[in-house]
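target_17.csv follows; it contains CSV, C-alpha atoms.
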```csv
chain,number,residue,atom,x,y,z
P,1,MET,CA,-5.1,-2.2,-16.7
P,2,THR,CA,-7.7,-0.9,-14.3
P,3,LEU,CA,-8.5,-2.5,-11.0
P,4,ARG,CA,-11.8,-3.6,-12.5
P,5,ASP,CA,-9.9,-5.3,-15.4
P,6,LEU,CA,-7.6,-7.0,-13.0
P,7,ASN,CA,-10.5,-8.2,-10.9
P,8,SER,CA,-12.6,-9.5,-13.7
P,9,GLY,CA,-10.3,-10.1,-16.6
P,10,ALA,CA,-9.5,-13.6,-18.0
P,11,THR,CA,-7.1,-15.4,-15.7
P,12,GLU,CA,-4.6,-16.0,-18.4
P,13,HIS,CA,-4.6,-12.4,-19.6
P,14,VAL,CA,-4.3,-10.9,-16.0
P,15,THR,CA,-1.6,-13.5,-15.0
P,16,THR,CA,0.5,-12.6,-18.1
P,17,PHE,CA,0.1,-8.9,-17.4
P,18,LEU,CA,1.1,-9.2,-13.8
P,19,ALA,CA,4.0,-11.5,-14.6
P,20,ASP,CA,5.3,-9.0,-17.2
P,21,THR,CA,4.8,-6.1,-14.8
P,22,LEU,CA,6.3,-7.8,-11.6
P,23,PHE,CA,8.8,-10.1,-13.4
P,24,SER,CA,7.5,-13.2,-11.6
P,25,SER,CA,5.0,-15.7,-12.9
P,26,ALA,CA,4.8,-17.3,-9.5
P,27,LEU,CA,3.9,-14.1,-7.8
P,28,ALA,CA,1.4,-13.3,-10.5
P,29,ALA,CA,-0.3,-16.6,-10.1
P,30,ILE,CA,-0.7,-16.1,-6.3
P,31,ILE,CA,-2.2,-12.6,-6.8
P,32,VAL,CA,-4.6,-13.8,-9.4
P,33,ARG,CA,-5.9,-16.5,-7.1
P,34,GLU,CA,-6.7,-13.8,-4.5
P,35,ARG,CA,-9.0,-11.8,-6.7
P,36,PRO,CA,-11.1,-9.7,-6.4
P,37,PHE,CA,-9.5,-6.8,-4.6
P,38,ALA,CA,-11.6,-4.0,-3.0
P,39,GLY,CA,-9.0,-1.4,-3.8
P,40,VAL,CA,-5.4,-0.9,-4.8
P,41,ASP,CA,-4.3,-0.8,-1.2
P,42,GLN,CA,-5.7,-4.3,-0.7
P,43,LEU,CA,-4.0,-5.5,-4.0
P,44,CYS,CA,-0.6,-4.1,-2.8
P,45,GLU,CA,-1.0,-5.6,0.6
P,46,ARG,CA,-1.7,-9.0,-0.9
P,47,ALA,CA,1.1,-8.7,-3.3
P,48,ALA,CA,3.5,-7.9,-0.5
P,49,ARG,CA,2.4,-11.0,1.5
P,50,ALA,CA,2.5,-13.1,-1.7
P,51,TRP,CA,6.2,-12.1,-2.2
P,52,THR,CA,7.0,-13.7,1.1
P,53,GLU,CA,5.4,-16.9,0.0
P,54,LEU,CA,7.8,-17.3,-2.9
P,55,SER,CA,10.9,-19.5,-2.4
P,56,PRO,CA,14.3,-17.8,-2.3
P,57,GLU,CA,14.9,-19.3,-5.8
P,58,GLU,CA,11.7,-17.7,-7.2
P,59,GLN,CA,12.7,-14.4,-5.5
P,60,ARG,CA,16.2,-14.5,-7.1
P,61,ALA,CA,14.7,-15.3,-10.5
P,62,SER,CA,12.5,-12.1,-10.1
P,63,PHE,CA,15.6,-10.1,-9.1
P,64,ASP,CA,17.5,-11.4,-12.1
P,65,ALA,CA,14.7,-10.5,-14.6
P,66,HIS,CA,15.3,-6.8,-14.0
P,67,PRO,CA,17.9,-5.1,-16.2
P,68,ARG,CA,21.0,-4.1,-14.4
P,69,ILE,CA,21.1,-0.6,-12.9
P,70,GLY,CA,22.8,1.6,-15.5
P,71,ASP,CA,22.6,-0.9,-18.4
P,72,VAL,CA,21.2,1.9,-20.7
P,73,PRO,CA,20.5,-0.3,-23.8
P,74,GLU,CA,18.6,-2.9,-21.8
P,75,VAL,CA,16.8,-0.3,-19.7
P,76,ARG,CA,15.5,1.5,-22.9
P,77,ARG,CA,14.0,-1.8,-24.1
P,78,ARG,CA,12.0,-2.3,-20.9
P,79,PRO,CA,9.0,0.1,-20.4
P,80,HIS,CA,9.0,-0.3,-16.6
P,81,SER,CA,12.7,0.1,-16.2
P,82,ARG,CA,12.9,3.0,-18.7
P,83,THR,CA,10.7,5.1,-16.4
P,84,GLU,CA,12.2,3.8,-13.1
P,85,GLN,CA,15.8,4.2,-14.1
P,86,ARG,CA,15.3,7.6,-15.7
P,87,GLY,CA,18.2,9.0,-13.6
P,88,ILE,CA,20.8,7.1,-15.6
P,89,TYR,CA,20.1,8.9,-18.9
P,90,SER,CA,22.1,12.0,-17.9
P,91,ALA,CA,24.9,10.1,-16.2
P,92,SER,CA,28.5,10.5,-17.4
P,93,PRO,CA,30.2,7.6,-19.1
P,94,GLU,CA,32.4,7.2,-16.0
P,95,ILE,CA,29.3,6.7,-13.8
P,96,ILE,CA,27.8,4.2,-16.3
P,97,GLY,CA,31.2,2.3,-16.4
P,98,ALA,CA,31.4,2.3,-12.6
P,99,LEU,CA,27.9,0.9,-12.3
P,100,ALA,CA,28.8,-1.9,-14.8
P,101,VAL,CA,31.9,-2.9,-12.8
P,102,LEU,CA,30.1,-2.8,-9.4
P,103,ASN,CA,27.1,-4.7,-10.8
P,104,ARG,CA,29.5,-7.5,-11.8
P,105,GLN,CA,31.2,-7.5,-8.4
P,106,TYR,CA,27.8,-7.5,-6.7
P,107,GLU,CA,26.5,-10.5,-8.7
P,108,GLU,CA,29.8,-12.4,-8.0
P,109,ARG,CA,29.5,-11.7,-4.3
P,110,PHE,CA,25.8,-12.3,-3.8
P,111,GLY,CA,24.7,-14.5,-6.7
P,112,PHE,CA,21.8,-12.3,-7.8
P,113,ARG,CA,21.2,-9.0,-9.5
P,114,PHE,CA,21.4,-5.7,-7.5
P,115,LEU,CA,18.0,-4.1,-7.0
P,116,VAL,CA,17.2,-0.7,-5.7
P,117,PHE,CA,14.0,1.3,-5.9
P,118,ALA,CA,15.4,3.6,-8.6
P,119,SER,CA,12.4,5.9,-9.2
P,120,GLY,CA,13.4,9.4,-8.5
P,121,LYS,CA,17.1,8.5,-7.9
P,122,SER,CA,20.0,9.9,-9.9
P,123,ALA,CA,22.7,7.7,-11.3
P,124,ASP,CA,25.0,9.0,-8.5
P,125,GLU,CA,22.5,7.9,-5.9
P,126,MET,CA,22.2,4.4,-7.4
P,127,LEU,CA,26.0,4.1,-7.6
P,128,ALA,CA,26.3,5.2,-3.9
P,129,ALA,CA,23.7,2.6,-2.9
P,130,LEU,CA,25.4,-0.2,-4.9
P,131,THR,CA,28.8,0.8,-3.4
P,132,THR,CA,27.4,0.8,0.2
P,133,ARG,CA,25.5,-2.5,-0.2
P,134,LEU,CA,28.5,-4.4,-1.5
P,135,GLN,CA,29.7,-4.3,2.2
P,136,ASN,CA,26.7,-6.2,3.5
P,137,SER,CA,26.6,-9.8,4.5
P,138,PRO,CA,24.9,-12.1,2.0
P,139,GLU,CA,22.0,-12.7,4.4
P,140,ASP,CA,21.5,-9.0,5.0
P,141,GLU,CA,21.8,-8.1,1.3
P,142,PHE,CA,19.2,-10.7,0.3
P,143,ARG,CA,16.8,-9.2,2.9
P,144,ILE,CA,17.5,-5.7,1.6
P,145,ALA,CA,17.1,-6.7,-2.1
P,146,ALA,CA,13.8,-8.5,-1.2
P,147,HIS,CA,12.5,-5.3,0.5
P,148,GLU,CA,13.5,-3.2,-2.5
P,149,LYS,CA,11.7,-5.6,-4.8
P,150,ARG,CA,8.5,-5.3,-2.7
P,151,ARG,CA,8.8,-1.5,-3.1
P,152,ILE,CA,9.2,-1.9,-6.9
P,153,ASN,CA,6.2,-4.2,-7.0
P,154,GLU,CA,4.0,-1.9,-5.1
P,155,PHE,CA,5.1,1.1,-7.3
P,156,ARG,CA,4.4,-0.9,-10.5
P,157,LEU,CA,1.0,-2.1,-9.3
P,158,ARG,CA,-0.1,1.4,-8.3
P,159,GLN,CA,1.2,2.8,-11.7
P,160,ALA,CA,-0.6,0.0,-13.6
P,161,VAL,CA,-4.0,0.1,-11.9
P,162,VAL,CA,-4.3,3.7,-10.8
P,163,GLU,CA,-2.5,5.5,-13.5
P,164,GLY,CA,-3.0,3.1,-16.3
P,165,ALA,CA,0.7,2.7,-17.1
P,166,TYR,CA,2.1,-0.4,-18.8
P,167,ARG,CA,-0.9,-1.1,-21.0
```

Produce structure tokens that represent the structure in this file.
Amino acid sequence: MTLRDLNSGATEHVTTFLADTLFSSALAAIIVRERPFAGVDQLCERAARAWTELSPEEQRASFDAHPRIGDVPEVRRRPHSRTEQRGIYSASPEIIGALAVLNRQYEERFGFRFLVFASGKSADEMLAALTTRLQNSPEDEFRIAAHEKRRINEFRLRQAVVEGAYR
């Protein structure tokens, strides 16, 4: 979808596209109400502000819509995640197993799915981030996860409207 398409497309179509891309229908609705955007930077700035307008429950729902880091079968089914989590494809079975165990521990501890900006990261780097972040307080971890989600959102918006990905 180009920026022009996003700015002038039918509300329902653009909202669905953004909800599928950002894993949040609430966020998509806010962004669509703000159209038109002069450029991708303005779009990304508004999306970042809109993220802060979501309730914690809406943010958690968006976290949980992402496939778990290292869940290879689920990642392969999701076009966005397939690209972003590319680093897991060469991981050893031991690393994939460790990610699965730590993902469960993380979700039990914090009550939401672990998020990390995975683009360009190896499976080892994602495992290290997960291991480190398990030591955080719930409040700090929610703040960190929300920051990572904003990074993911910006990356996906730029991919979508600048590079034409996710058509």

| Spatial neighbours of region 137-148 of chain P, 12 Å, all atoms listed in the file, chain gap at least 2 places, as a PyMOL selection string | chain P and resi 48-49+51-64+106-119+129-130+132-135+150-155

| query | Could you pull the residues within 9 Å of region 13-18 of chain P, counting all atoms listed in the file, minus those fewer than 3 positions along the same chain, as a VMD selection string? | reply | chain P and resid 1 5 to 10 21 to 25 27 to 29 31 to 32 157 166 to 167

| request: Between CA of Gln105 (chain P) and CA of Gly120 (chain P), measure the distance and give it in Å to one decimal. | output: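 Calculated distance between CA of Gln105 (chain P) and CA of Gly120 (chain P) is 24.5 Å.
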
List as a tab-separated table every residue of region 126-156 of chain P that is in contact with region 65-84 of chain P, defined as an atom at most 9 Å from one of its atoms (using only C-alpha atoms), together with the nearest atom pair and the distance in Å rounded to one decimal, sorted by chain and then rising number.
```
residue	atom	partner	partner_atom	distance
P:Met126	CA	P:Ile69	CA	7.5
P:Leu127	CA	P:Ile69	CA	8.6
P:Ile152	CA	P:Glu84	CA	8.9
P:Arg156	CA	P:His80	CA	7.7
```

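One finds CA of Val40 (chain P) at 7.1 Å from CA of Leu3 (chain P).
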
| What is the distance between CA of Val162 (chain P) and CA of Thr2 (chain P), in Å to one decimal? | 6.7 Å

| task | Between P:Arg158, P:Gln85, P:Asn136, P:Ala128, single out the one closest to Leu99 (chain P), counting all atoms listed in the file. | result |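 Using all atoms listed in the file, the shortest distance to Leu99 (chain P) belongs to P:Ala128.
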
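Distance annotation: of P:Arg4, P:Ile95, P:Glu12, P:Ala19, the residue with the minimal separation from Gly39 (chain P) is P:Arg4; atom set is only C-alpha atoms.
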
Can you take region 59-104 of chain P from the block and write N, CA and C atoms as a CSV table (one decimal), in the first residue's frame?
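Contents of part_11.csv, as written:
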```csv
chain,number,residue,atom,x,y,z
P,59,GLN,N,-3.0,-2.7,24.4
P,59,GLN,CA,-1.6,-2.9,24.1
P,59,GLN,C,-1.2,-4.3,24.3
P,60,ARG,N,-1.7,-4.9,25.4
P,60,ARG,CA,-1.4,-6.4,25.6
P,60,ARG,C,-1.9,-7.2,24.5
P,61,ALA,N,-3.1,-6.9,24.1
P,61,ALA,CA,-3.8,-7.7,23.0
P,61,ALA,C,-2.9,-7.6,21.7
P,62,SER,N,-2.3,-6.5,21.5
P,62,SER,CA,-1.5,-6.3,20.3
P,62,SER,C,-0.2,-7.1,20.5
P,63,PHE,N,0.4,-7.1,21.7
P,63,PHE,CA,1.6,-7.9,22.0
P,63,PHE,C,1.3,-9.4,21.7
P,64,ASP,N,0.1,-9.8,22.2
P,64,ASP,CA,-0.2,-11.3,22.1
P,64,ASP,C,-0.6,-11.7,20.7
P,65,ALA,N,-0.9,-10.8,19.8
P,65,ALA,CA,-1.2,-11.2,18.5
P,65,ALA,C,0.1,-11.6,17.7
P,66,HIS,N,1.2,-11.2,18.2
P,66,HIS,CA,2.5,-11.6,17.5
P,66,HIS,C,2.8,-13.0,17.8
P,67,PRO,N,3.4,-13.8,16.9
P,67,PRO,CA,3.8,-15.1,17.2
P,67,PRO,C,5.0,-15.0,18.1
P,68,ARG,N,5.1,-16.1,18.9
P,68,ARG,CA,6.2,-16.1,19.9
P,68,ARG,C,7.5,-16.1,19.2
P,69,ILE,N,8.5,-15.5,19.8
P,69,ILE,CA,9.9,-15.5,19.2
P,69,ILE,C,10.3,-16.9,19.2
P,70,GLY,N,10.7,-17.4,18.0
P,70,GLY,CA,11.2,-18.7,17.8
P,70,GLY,C,10.2,-19.8,17.5
P,71,ASP,N,8.9,-19.4,17.4
P,71,ASP,CA,7.9,-20.4,17.1
P,71,ASP,C,7.9,-20.6,15.6
P,72,VAL,N,8.8,-21.4,15.1
P,72,VAL,CA,9.1,-21.4,13.6
P,72,VAL,C,7.8,-21.7,12.8
P,73,PRO,N,7.0,-22.7,13.2
P,73,PRO,CA,5.8,-23.0,12.3
P,73,PRO,C,4.8,-21.7,12.3
P,74,GLU,N,4.6,-21.1,13.4
P,74,GLU,CA,3.7,-19.9,13.4
P,74,GLU,C,4.4,-18.7,12.7
P,75,VAL,N,5.7,-18.5,12.9
P,75,VAL,CA,6.4,-17.4,12.2
P,75,VAL,C,6.3,-17.6,10.7
P,76,ARG,N,6.4,-18.8,10.2
P,76,ARG,CA,6.4,-19.0,8.7
P,76,ARG,C,5.0,-18.7,8.1
P,77,ARG,N,4.0,-18.8,9.0
P,77,ARG,CA,2.6,-18.5,8.5
P,77,ARG,C,2.3,-17.0,8.4
P,78,ARG,N,3.1,-16.2,9.0
P,78,ARG,CA,2.9,-14.8,9.2
P,78,ARG,C,3.8,-14.0,8.3
P,79,PRO,N,3.4,-13.3,7.3
P,79,PRO,CA,4.3,-12.6,6.4
P,79,PRO,C,5.2,-11.6,7.1
P,80,HIS,N,4.7,-10.8,8.0
P,80,HIS,CA,5.5,-9.8,8.7
P,80,HIS,C,6.6,-10.5,9.5
P,81,SER,N,6.1,-11.5,10.3
P,81,SER,CA,7.0,-12.1,11.3
P,81,SER,C,8.1,-13.0,10.5
P,82,ARG,N,7.7,-13.6,9.4
P,82,ARG,CA,8.6,-14.4,8.6
P,82,ARG,C,9.8,-13.6,8.3
P,83,THR,N,9.6,-12.3,7.9
P,83,THR,CA,10.8,-11.5,7.5
P,83,THR,C,11.5,-11.0,8.8
P,84,GLU,N,10.7,-10.6,9.8
P,84,GLU,CA,11.4,-10.0,11.0
P,84,GLU,C,12.1,-11.0,11.8
P,85,GLN,N,11.6,-12.2,11.9
P,85,GLN,CA,12.3,-13.2,12.7
P,85,GLN,C,13.2,-14.2,11.8
P,86,ARG,N,13.7,-13.7,10.8
P,86,ARG,CA,14.5,-14.4,9.9
P,86,ARG,C,15.7,-15.1,10.6
P,87,GLY,N,16.1,-14.5,11.6
P,87,GLY,CA,17.3,-15.0,12.4
P,87,GLY,C,17.1,-16.4,13.1
P,88,ILE,N,15.8,-16.8,13.2
P,88,ILE,CA,15.6,-18.1,13.9
P,88,ILE,C,15.7,-19.3,12.9
P,89,TYR,N,15.7,-19.0,11.6
P,89,TYR,CA,15.7,-20.2,10.7
P,89,TYR,C,17.0,-21.0,10.8
P,90,SER,N,18.1,-20.4,11.1
P,90,SER,CA,19.3,-21.1,11.2
P,90,SER,C,19.7,-21.5,12.6
P,91,ALA,N,18.8,-21.3,13.6
P,91,ALA,CA,19.0,-21.7,15.0
P,91,ALA,C,19.0,-23.2,15.2
P,92,SER,N,19.8,-23.6,16.1
P,92,SER,CA,19.9,-25.0,16.5
P,92,SER,C,18.6,-25.4,17.2
P,93,PRO,N,18.3,-26.7,17.3
P,93,PRO,CA,17.1,-27.1,18.0
P,93,PRO,C,17.2,-26.8,19.5
P,94,GLU,N,18.4,-26.7,20.0
P,94,GLU,CA,18.6,-26.3,21.4
P,94,GLU,C,18.2,-24.9,21.7
P,95,ILE,N,18.5,-24.0,20.8
P,95,ILE,CA,18.2,-22.6,20.9
P,95,ILE,C,16.6,-22.4,20.8
P,96,ILE,N,16.1,-23.1,19.8
P,96,ILE,CA,14.6,-23.0,19.6
P,96,ILE,C,13.9,-23.6,20.9
P,97,GLY,N,14.4,-24.6,21.4
P,97,GLY,CA,13.8,-25.2,22.6
P,97,GLY,C,14.0,-24.3,23.8
P,98,ALA,N,15.1,-23.6,23.9
P,98,ALA,CA,15.3,-22.6,25.0
P,98,ALA,C,14.4,-21.4,24.9
P,99,LEU,N,14.2,-21.0,23.6
P,99,LEU,CA,13.2,-19.9,23.4
P,99,LEU,C,11.8,-20.3,23.8
P,100,ALA,N,11.4,-21.5,23.5
P,100,ALA,CA,10.1,-22.0,23.9
P,100,ALA,C,9.9,-22.0,25.4
P,101,VAL,N,10.9,-22.5,26.1
P,101,VAL,CA,10.8,-22.6,27.6
P,101,VAL,C,10.8,-21.2,28.2
P,102,LEU,N,11.7,-20.3,27.7
P,102,LEU,CA,11.7,-18.9,28.3
P,102,LEU,C,10.5,-18.1,27.9
P,103,ASN,N,9.9,-18.3,26.7
P,103,ASN,CA,8.7,-17.6,26.3
P,103,ASN,C,7.6,-18.0,27.3
P,104,ARG,N,7.5,-19.3,27.7
P,104,ARG,CA,6.5,-19.7,28.7
P,104,ARG,C,6.7,-19.0,30.0
```
